[in-house]
$ cat start.tsv   # TSV, C-alpha atoms and all ligand atoms
chain	number	residue	atom	x	y	z
A	223	MET	CA	109.49	99.52	213.20
A	224	PRO	CA	109.23	97.97	216.71
A	225	ASP	CA	109.59	94.17	216.70
A	226	GLY	CA	106.08	93.55	218.08
A	227	LYS	CA	104.42	95.45	215.19
A	228	GLU	CA	106.57	93.67	212.59
A	229	ASP	CA	105.51	90.30	214.02
A	230	MET	CA	101.85	91.36	213.98
A	231	ASP	CA	102.11	92.54	210.34
A	232	ARG	CA	103.79	89.29	209.33
A	233	GLU	CA	101.13	87.27	211.11
A	234	LYS	CA	98.34	89.29	209.48
A	235	PHE	CA	99.99	88.83	206.08
A	236	ILE	CA	100.30	85.06	206.55
A	237	GLN	CA	96.70	84.85	207.80
A	238	GLN	CA	95.44	86.76	204.74
A	239	HIS	CA	97.27	84.37	202.42
A	240	ILE	CA	95.89	81.33	204.22
A	241	GLU	CA	92.37	82.75	203.96
A	242	MET	CA	92.75	83.38	200.23
A	243	GLU	CA	94.27	79.95	199.55
A	244	ASN	CA	91.36	78.39	201.46
A	245	PHE	CA	88.84	80.49	199.61
A	246	PHE	CA	89.98	79.28	196.22
A	247	SER	CA	90.78	75.71	197.16
A	248	GLY	CA	88.31	74.39	199.65
A	249	GLY	CA	84.72	73.49	199.87
A	250	PHE	CA	83.41	74.03	196.36
A	251	VAL	CA	80.59	71.78	195.27
A	252	PRO	CA	78.92	72.03	191.85
A	253	LYS	CA	75.43	73.51	191.96
A	254	GLY	CA	73.01	71.61	189.74
A	255	ASN	CA	73.93	68.33	188.06
A	256	PRO	CA	77.64	67.66	188.26
A	257	GLN	CA	79.38	66.75	185.02
A	258	PRO	CA	80.09	63.01	184.75
A	259	ASP	CA	83.52	63.65	183.20
A	260	SER	CA	85.38	66.24	181.20
A	261	SER	CA	84.96	64.68	177.77
A	262	LEU	CA	82.43	65.84	175.21
A	263	SER	CA	78.89	65.15	176.30
A	264	GLU	CA	76.71	62.76	174.29
A	265	ASP	CA	73.71	64.73	175.38
A	266	MET	CA	73.72	67.92	173.34
A	267	GLU	CA	71.70	69.71	176.00
A	268	THR	CA	74.42	69.29	178.61
A	269	PRO	CA	77.25	71.70	177.87
A	270	SER	CA	80.71	70.20	178.03
A	271	LYS	CA	83.88	71.62	179.53
A	272	LEU	CA	85.68	71.06	176.20
A	273	LYS	CA	84.74	71.80	172.63
A	274	GLN	CA	85.34	69.78	169.50
A	275	PRO	CA	87.18	71.69	166.75
A	276	ALA	CA	86.08	70.82	163.22
A	277	ASP	CA	89.65	70.15	162.08
A	278	GLU	CA	91.42	68.99	165.22
A	279	GLY	CA	94.61	67.85	163.47
A	280	LYS	CA	95.06	71.20	161.74
A	281	VAL	CA	94.46	73.18	164.96
A	282	LYS	CA	97.04	71.09	166.85
A	283	ALA	CA	99.61	71.36	164.06
A	284	GLU	CA	99.22	75.13	163.77
A	285	LEU	CA	99.47	75.60	167.53
A	286	GLU	CA	102.72	73.60	167.44
A	287	GLN	CA	103.95	75.82	164.62
A	288	ILE	CA	103.36	78.90	166.83
A	289	VAL	CA	105.42	77.28	169.60
A	290	LYS	CA	108.31	76.83	167.14
A	291	GLU	CA	108.02	80.37	165.80
A	292	ALA	CA	107.95	81.86	169.31
A	293	LYS	CA	111.08	79.86	170.16
A	294	ASP	CA	112.92	81.23	167.13
A	295	CYS	CA	111.56	84.77	167.40
A	296	ARG	CA	114.18	87.51	167.81
A	297	LYS	CA	112.02	90.54	167.01
A	298	CYS	CA	112.55	92.29	170.38
A	299	GLU	CA	115.64	92.83	172.52
A	300	ILE	CA	113.98	90.85	175.35
A	301	ALA	CA	114.47	87.74	173.21
A	302	LEU	CA	118.20	88.09	173.98
A	303	SER	CA	117.74	88.09	177.76
A	304	ARG	CA	115.14	85.33	177.99
A	305	LEU	CA	116.02	81.80	179.06
A	306	ASN	CA	112.98	80.36	177.32
A	307	SER	CA	110.09	81.72	175.34
A	308	VAL	CA	106.73	80.97	176.97
A	309	PRO	CA	104.30	80.27	174.14
A	310	GLY	CA	101.34	79.21	176.30
A	311	GLU	CA	99.84	75.81	176.99
A	312	GLY	CA	96.62	73.94	177.49
A	313	SER	CA	93.91	72.16	175.58
A	314	HIS	CA	93.35	72.90	171.90
A	315	ARG	CA	89.70	72.16	172.76
A	316	ALA	CA	89.54	74.77	175.53
A	317	ARG	CA	86.38	76.78	176.07
A	318	ILE	CA	88.25	79.25	178.30
A	319	PHE	CA	91.48	81.03	177.35
A	320	PHE	CA	93.20	82.78	180.31
A	321	ILE	CA	95.56	85.56	179.26
A	322	GLY	CA	98.09	87.29	181.51
A	323	GLU	CA	100.71	89.96	180.95
A	324	ALA	CA	104.13	88.39	180.46
A	325	PRO	CA	106.25	85.56	181.85
A	326	GLY	CA	108.08	86.13	185.14
A	327	ALA	CA	111.28	84.49	186.38
A	328	ASP	CA	109.69	81.07	187.09
A	329	GLU	CA	107.95	80.98	183.72
A	330	ASP	CA	111.14	82.09	181.92
A	331	ALA	CA	113.08	79.29	183.63
A	332	LEU	CA	110.57	76.58	182.66
A	333	GLY	CA	109.10	77.91	179.40
A	334	ARG	CA	105.60	77.48	180.85
A	335	PRO	CA	103.01	80.15	181.71
A	336	PHE	CA	101.79	80.85	185.25
A	337	VAL	CA	103.93	78.39	187.20
A	338	GLY	CA	105.09	80.73	190.00
A	339	ARG	CA	103.09	81.98	192.98
A	340	ALA	CA	100.55	83.81	190.83
A	341	GLY	CA	100.24	80.63	188.77
A	342	GLN	CA	99.54	78.54	191.83
A	343	LEU	CA	96.71	80.89	192.72
A	344	LEU	CA	95.44	80.79	189.14
A	345	ASP	CA	95.41	76.96	189.33
A	346	LYS	CA	93.23	77.19	192.44
A	347	ILE	CA	90.86	79.63	190.77
A	348	ILE	CA	90.58	77.31	187.72
A	349	LYS	CA	89.86	74.35	190.01
A	350	ALA	CA	87.32	76.38	191.97
A	351	MET	CA	85.55	77.04	188.66
A	352	GLY	CA	85.21	73.27	188.16
A	353	PHE	CA	88.00	72.91	185.58
A	354	GLU	CA	91.41	71.24	185.45
A	355	ARG	CA	94.35	73.32	184.25
A	356	ALA	CA	94.73	70.94	181.27
A	357	GLU	CA	91.13	71.70	180.21
A	358	VAL	CA	91.75	75.42	179.60
A	359	PHE	CA	94.37	77.33	177.63
A	360	ILE	CA	96.77	79.74	179.36
A	361	GLY	CA	98.90	82.35	177.65
A	362	ASN	CA	100.26	85.87	177.91
A	363	ILE	CA	100.34	89.08	175.90
A	364	LEU	CA	104.15	88.68	175.67
A	365	LYS	CA	105.95	85.38	175.06
A	366	CYS	CA	109.24	86.59	176.56
A	367	ARG	CA	110.07	87.83	180.04
A	368	PRO	CA	110.83	91.57	180.24
A	369	PRO	CA	114.02	91.97	182.33
A	370	GLU	CA	113.32	92.62	186.03
A	371	ASN	CA	109.63	92.08	185.22
A	372	ARG	CA	109.32	95.63	183.90
A	373	THR	CA	106.09	96.50	182.12
A	374	PRO	CA	105.92	95.50	178.45
A	375	LYS	CA	106.88	98.18	175.92
A	376	ALA	CA	104.42	99.15	173.20
A	377	GLU	CA	106.70	97.83	170.44
A	378	GLU	CA	107.00	94.47	172.25
A	379	ILE	CA	103.22	94.16	172.44
A	380	ILE	CA	102.92	95.06	168.75
A	381	ASN	CA	105.58	92.45	167.82
A	382	CYS	CA	104.15	89.69	170.00
A	383	LEU	CA	100.37	90.13	169.78
A	384	PRO	CA	100.04	88.35	166.39
A	385	PHE	CA	101.13	85.04	168.04
A	386	LEU	CA	98.38	85.36	170.62
A	387	GLN	CA	95.82	86.48	168.04
A	388	ARG	CA	96.58	83.34	165.99
A	389	GLN	CA	96.26	81.14	169.10
A	390	ILE	CA	92.90	82.70	169.93
A	391	GLU	CA	91.69	82.25	166.36
A	392	LEU	CA	92.78	78.58	166.28
A	393	ILE	CA	91.39	77.62	169.68
A	394	ASN	CA	88.32	79.79	169.20
A	395	PRO	CA	87.39	79.69	172.90
A	396	ASP	CA	83.91	80.59	174.10
A	397	ILE	CA	85.37	82.99	176.65
A	398	ILE	CA	88.64	84.84	177.09
A	399	VAL	CA	89.56	85.76	180.66
A	400	ALA	CA	91.93	88.73	180.65
A	401	LEU	CA	94.01	88.67	183.83
A	402	GLY	CA	94.88	92.20	184.86
A	403	ALA	CA	95.08	95.59	183.22
A	404	TYR	CA	97.70	94.80	180.56
A	405	ALA	CA	95.85	91.85	179.12
A	406	ALA	CA	92.46	93.58	179.26
A	407	GLN	CA	93.72	96.87	177.81
A	408	GLY	CA	95.85	95.14	175.15
A	409	LEU	CA	93.04	92.90	173.94
A	410	LEU	CA	90.29	95.51	174.12
A	411	ASP	CA	92.49	98.34	172.83
A	412	THR	CA	91.54	100.67	175.65
A	413	THR	CA	93.30	102.61	178.39
A	414	LYS	CA	90.45	102.23	180.91
A	415	PRO	CA	91.62	101.00	184.34
A	416	ILE	CA	91.03	97.38	185.27
A	417	GLY	CA	88.66	98.47	188.05
A	418	GLN	CA	86.31	99.76	185.36
A	419	LEU	CA	86.81	96.86	182.96
A	420	ARG	CA	86.40	93.87	185.29
A	421	GLY	CA	83.15	92.12	186.02
A	422	GLN	CA	81.42	92.61	182.66
A	423	PHE	CA	81.57	90.89	179.30
A	424	PHE	CA	83.11	92.65	176.31
A	425	ASP	CA	83.38	91.49	172.72
A	426	TYR	CA	86.84	90.56	171.44
A	427	TYR	CA	87.01	90.58	167.65
A	428	PRO	CA	89.35	87.79	166.44
A	429	GLY	CA	89.39	88.97	162.81
A	430	LEU	CA	87.40	90.21	159.87
A	431	GLY	CA	84.27	88.12	159.31
A	432	LYS	CA	84.87	86.11	162.52
A	433	LYS	CA	82.31	85.93	165.32
A	434	PRO	CA	83.23	88.03	168.37
A	435	ILE	CA	84.41	86.13	171.46
A	436	LYS	CA	83.19	87.13	174.92
A	437	LEU	CA	85.93	88.58	177.11
A	438	MET	CA	85.80	88.88	180.89
A	439	ALA	CA	88.46	90.96	182.59
A	440	THR	CA	89.39	90.39	186.20
A	441	PHE	CA	92.21	91.22	188.62
A	442	HIS	CA	95.56	89.53	187.97
A	443	PRO	CA	96.33	86.78	190.54
A	444	ALA	CA	99.62	88.60	191.36
A	445	TYR	CA	97.60	91.73	192.17
A	446	LEU	CA	95.36	89.62	194.37
A	447	LEU	CA	98.41	88.30	196.22
A	448	ARG	CA	99.84	91.78	196.65
A	449	ASN	CA	96.57	93.54	197.49
A	450	TYR	CA	94.81	91.00	199.58
A	451	SER	CA	91.37	91.95	200.79
A	452	PRO	CA	88.22	89.85	201.18
A	453	ASP	CA	86.58	92.32	198.80
A	454	ASN	CA	89.15	91.88	195.99
A	455	ARG	CA	89.07	88.12	196.44
A	456	ARG	CA	85.26	88.10	196.26
A	457	LYS	CA	85.30	90.30	193.14
A	458	VAL	CA	87.51	87.80	191.28
A	459	TRP	CA	85.26	84.95	192.32
A	460	GLU	CA	82.13	86.88	191.22
A	461	ASP	CA	83.79	87.45	187.81
A	462	MET	CA	84.66	83.76	187.46
A	463	LYS	CA	81.13	82.69	188.43
A	464	LYS	CA	79.84	84.82	185.54
A	465	VAL	CA	82.21	82.96	183.20
A	466	VAL	CA	81.03	79.53	184.36
A	467	THR	CA	77.38	80.62	184.09
A	468	GLU	CA	77.94	81.97	180.57
A	469	LEU	CA	79.36	78.56	179.58
A	470	GLY	CA	76.13	76.93	180.79
A	471	LEU	CA	77.98	74.89	183.42
A	472	PRO	CA	77.02	74.39	187.07
A	473	VAL	CA	78.53	77.09	189.27
A	474	PRO	CA	80.53	75.54	192.11
A	475	GLU	CA	79.32	76.88	195.42
A	476	GLN	CA	81.42	77.37	198.48
A	477	THR	CA	80.47	75.36	201.49
A	478	LYS	CA	83.03	77.02	203.74
A	479	ASN	CA	85.34	80.01	204.02
A	480	ASP	CA	83.01	82.42	202.21
A	501	LIG	N1	102.23	86.71	185.40
A	501	LIG	C1	101.77	86.73	184.13
A	501	LIG	O1	101.14	87.69	183.71
A	501	LIG	N2	102.02	85.68	183.38
A	501	LIG	C2	102.67	84.60	183.79
A	501	LIG	O2	102.84	83.66	183.01
A	501	LIG	C3	103.12	84.60	185.11
A	501	LIG	C4	102.90	85.65	185.90

$ encode --input "start.tsv" --output "structure tokens" --more "lines below"
Ligand code: URA
Amino acid sequence: MPDGKEDMDREKFIQQHIEMENFFSGGFVPKGNPQPDSSLSEDMETPSKLKQPADEGKVKAELEQIVKEAKDCRKCEIALSRLNSVPGEGSHRARIFFIGEAPGADEDALGRPFVGRAGQLLDKIIKAMGFERAEVFIGNILKCRPPENRTPKAEEIINCLPFLQRQIELINPDIIVALGAYAAQGLLDTTKPIGQLRGQFFDYYPGLGKKPIKLMATFHPAYLLRNYSPDNRRKVWEDMKKVVTELGLPVPEQTKND
């Protein structure tokens, strides 16, 4: 490729990233009455960003137990190549549970979900929605990194899914956000492409006799970074606005960069 074209492509690429970073980080103001703080509201008519589990101590203890079990788990061969298991993290009072595919190299190194480039974009999306990262829960379909970030194998999903199902049942979020095709297809037990799944609410059934939980699928932040377009970026934001609206919270509006 001639040098001039390479420079132009690089410049365009950098410009696209700057635009996306700006889109999800700048100029959002809450529409309607802003929330005074993130704790539970005294006024029952004002929805809160956090929920109050009936048995908080038990929920916390059982979530800790899952962390221990995931650390000791050796069910799949990928447990042998991992540096750390990545059990997931966040508030046990979360109303939103974000679920991705599997840890990457950064997550494997730190034992924390979504801490690499895709994670930084996810943090911005969460903030743009009016939440702090610590106010939601973040996890993955797999708790271990597949070598070279290959796609998860069916047997790995089957082995690992019970951890996530228990976390969902304990946290009992109001909404699950499935990030990307793997999470959406795994949780909804479908092979439909993400383009057909995103943007609408589905019911996720946490277990027999349990109330279904609303699930919104959207594009994975890594996909958004790889396939930048104003249209893809807008689609993710439209999906997240539906989530905030469904929670009864004020939808932050952009004042610039839209
Ligand atoms: N991608 C994922 O799906 N999960 C992570 O934790 C990081 C990147």

$ residues_near_ligand --input "start.tsv" --ligand "ligand LIG 501 (chain A)" --cutoff "9 Å" --atoms "all atoms listed in the file" --output "ChimeraX atom specification"
/A:308,310,321-330,334-341,360-365,367,401-402,404-405,442-444

$ atom_distance --input "start.tsv" --atom1 "atom CA of A:Ser270" --atom2 "atom CA of A:Pro472"
10.6 Å

$ closest_atom_pairs --input "start.tsv" --of "stretch 347-401 of chain A" --to "stretch 453-467 of chain A" --cutoff "9 Å" --atoms "only C-alpha atoms" --output "JSON lines"
{"residue": "A:Ile347", "atom": "CA", "partner": "A:Trp459", "partner_atom": "CA", "distance": 7.9}
{"residue": "A:Ile348", "atom": "CA", "partner": "A:Met462", "partner_atom": "CA", "distance": 8.8}
{"residue": "A:Ala350", "atom": "CA", "partner": "A:Trp459", "partner_atom": "CA", "distance": 8.8}
{"residue": "A:Met351", "atom": "CA", "partner": "A:Val466", "partner_atom": "CA", "distance": 6.7}
{"residue": "A:Gly352", "atom": "CA", "partner": "A:Val466", "partner_atom": "CA", "distance": 8.4}
{"residue": "A:Ile397", "atom": "CA", "partner": "A:Val465", "partner_atom": "CA", "distance": 7.3}
{"residue": "A:Val399", "atom": "CA", "partner": "A:Val465", "partner_atom": "CA", "distance": 8.3}

$ atom_distance --input "start.tsv" --atom1 "atom CA of A:Arg232" --atom2 "atom CA of A:Ala331"
29.1 Å

$ residues_near_point --input "start.tsv" --point "(89.0, 90.2, 201.7)" --cutoff "12 Å" --atoms "all atoms listed in the file" --output "PyMOL selection string"
chain A and resi 235+237-243+245+446-447+449-459+479-480

$ atom_distance --input "start.tsv" --atom1 "atom CA of A:Glu284" --atom2 "atom CA of A:Val358"
17.5 Å

$ closest_residue --input "start.tsv" --among "A:Asp411, A:Asp294, A:Glu475, A:Asp396" --to "A:Lys436" --atoms "all atoms listed in the file"
A:Asp396

$ closest_residue --input "start.tsv" --among "A:Thr413, A:Ala376, A:Ser307, A:Leu343" --to "A:Val289" --atoms "all atoms listed in the file"
A:Ser307
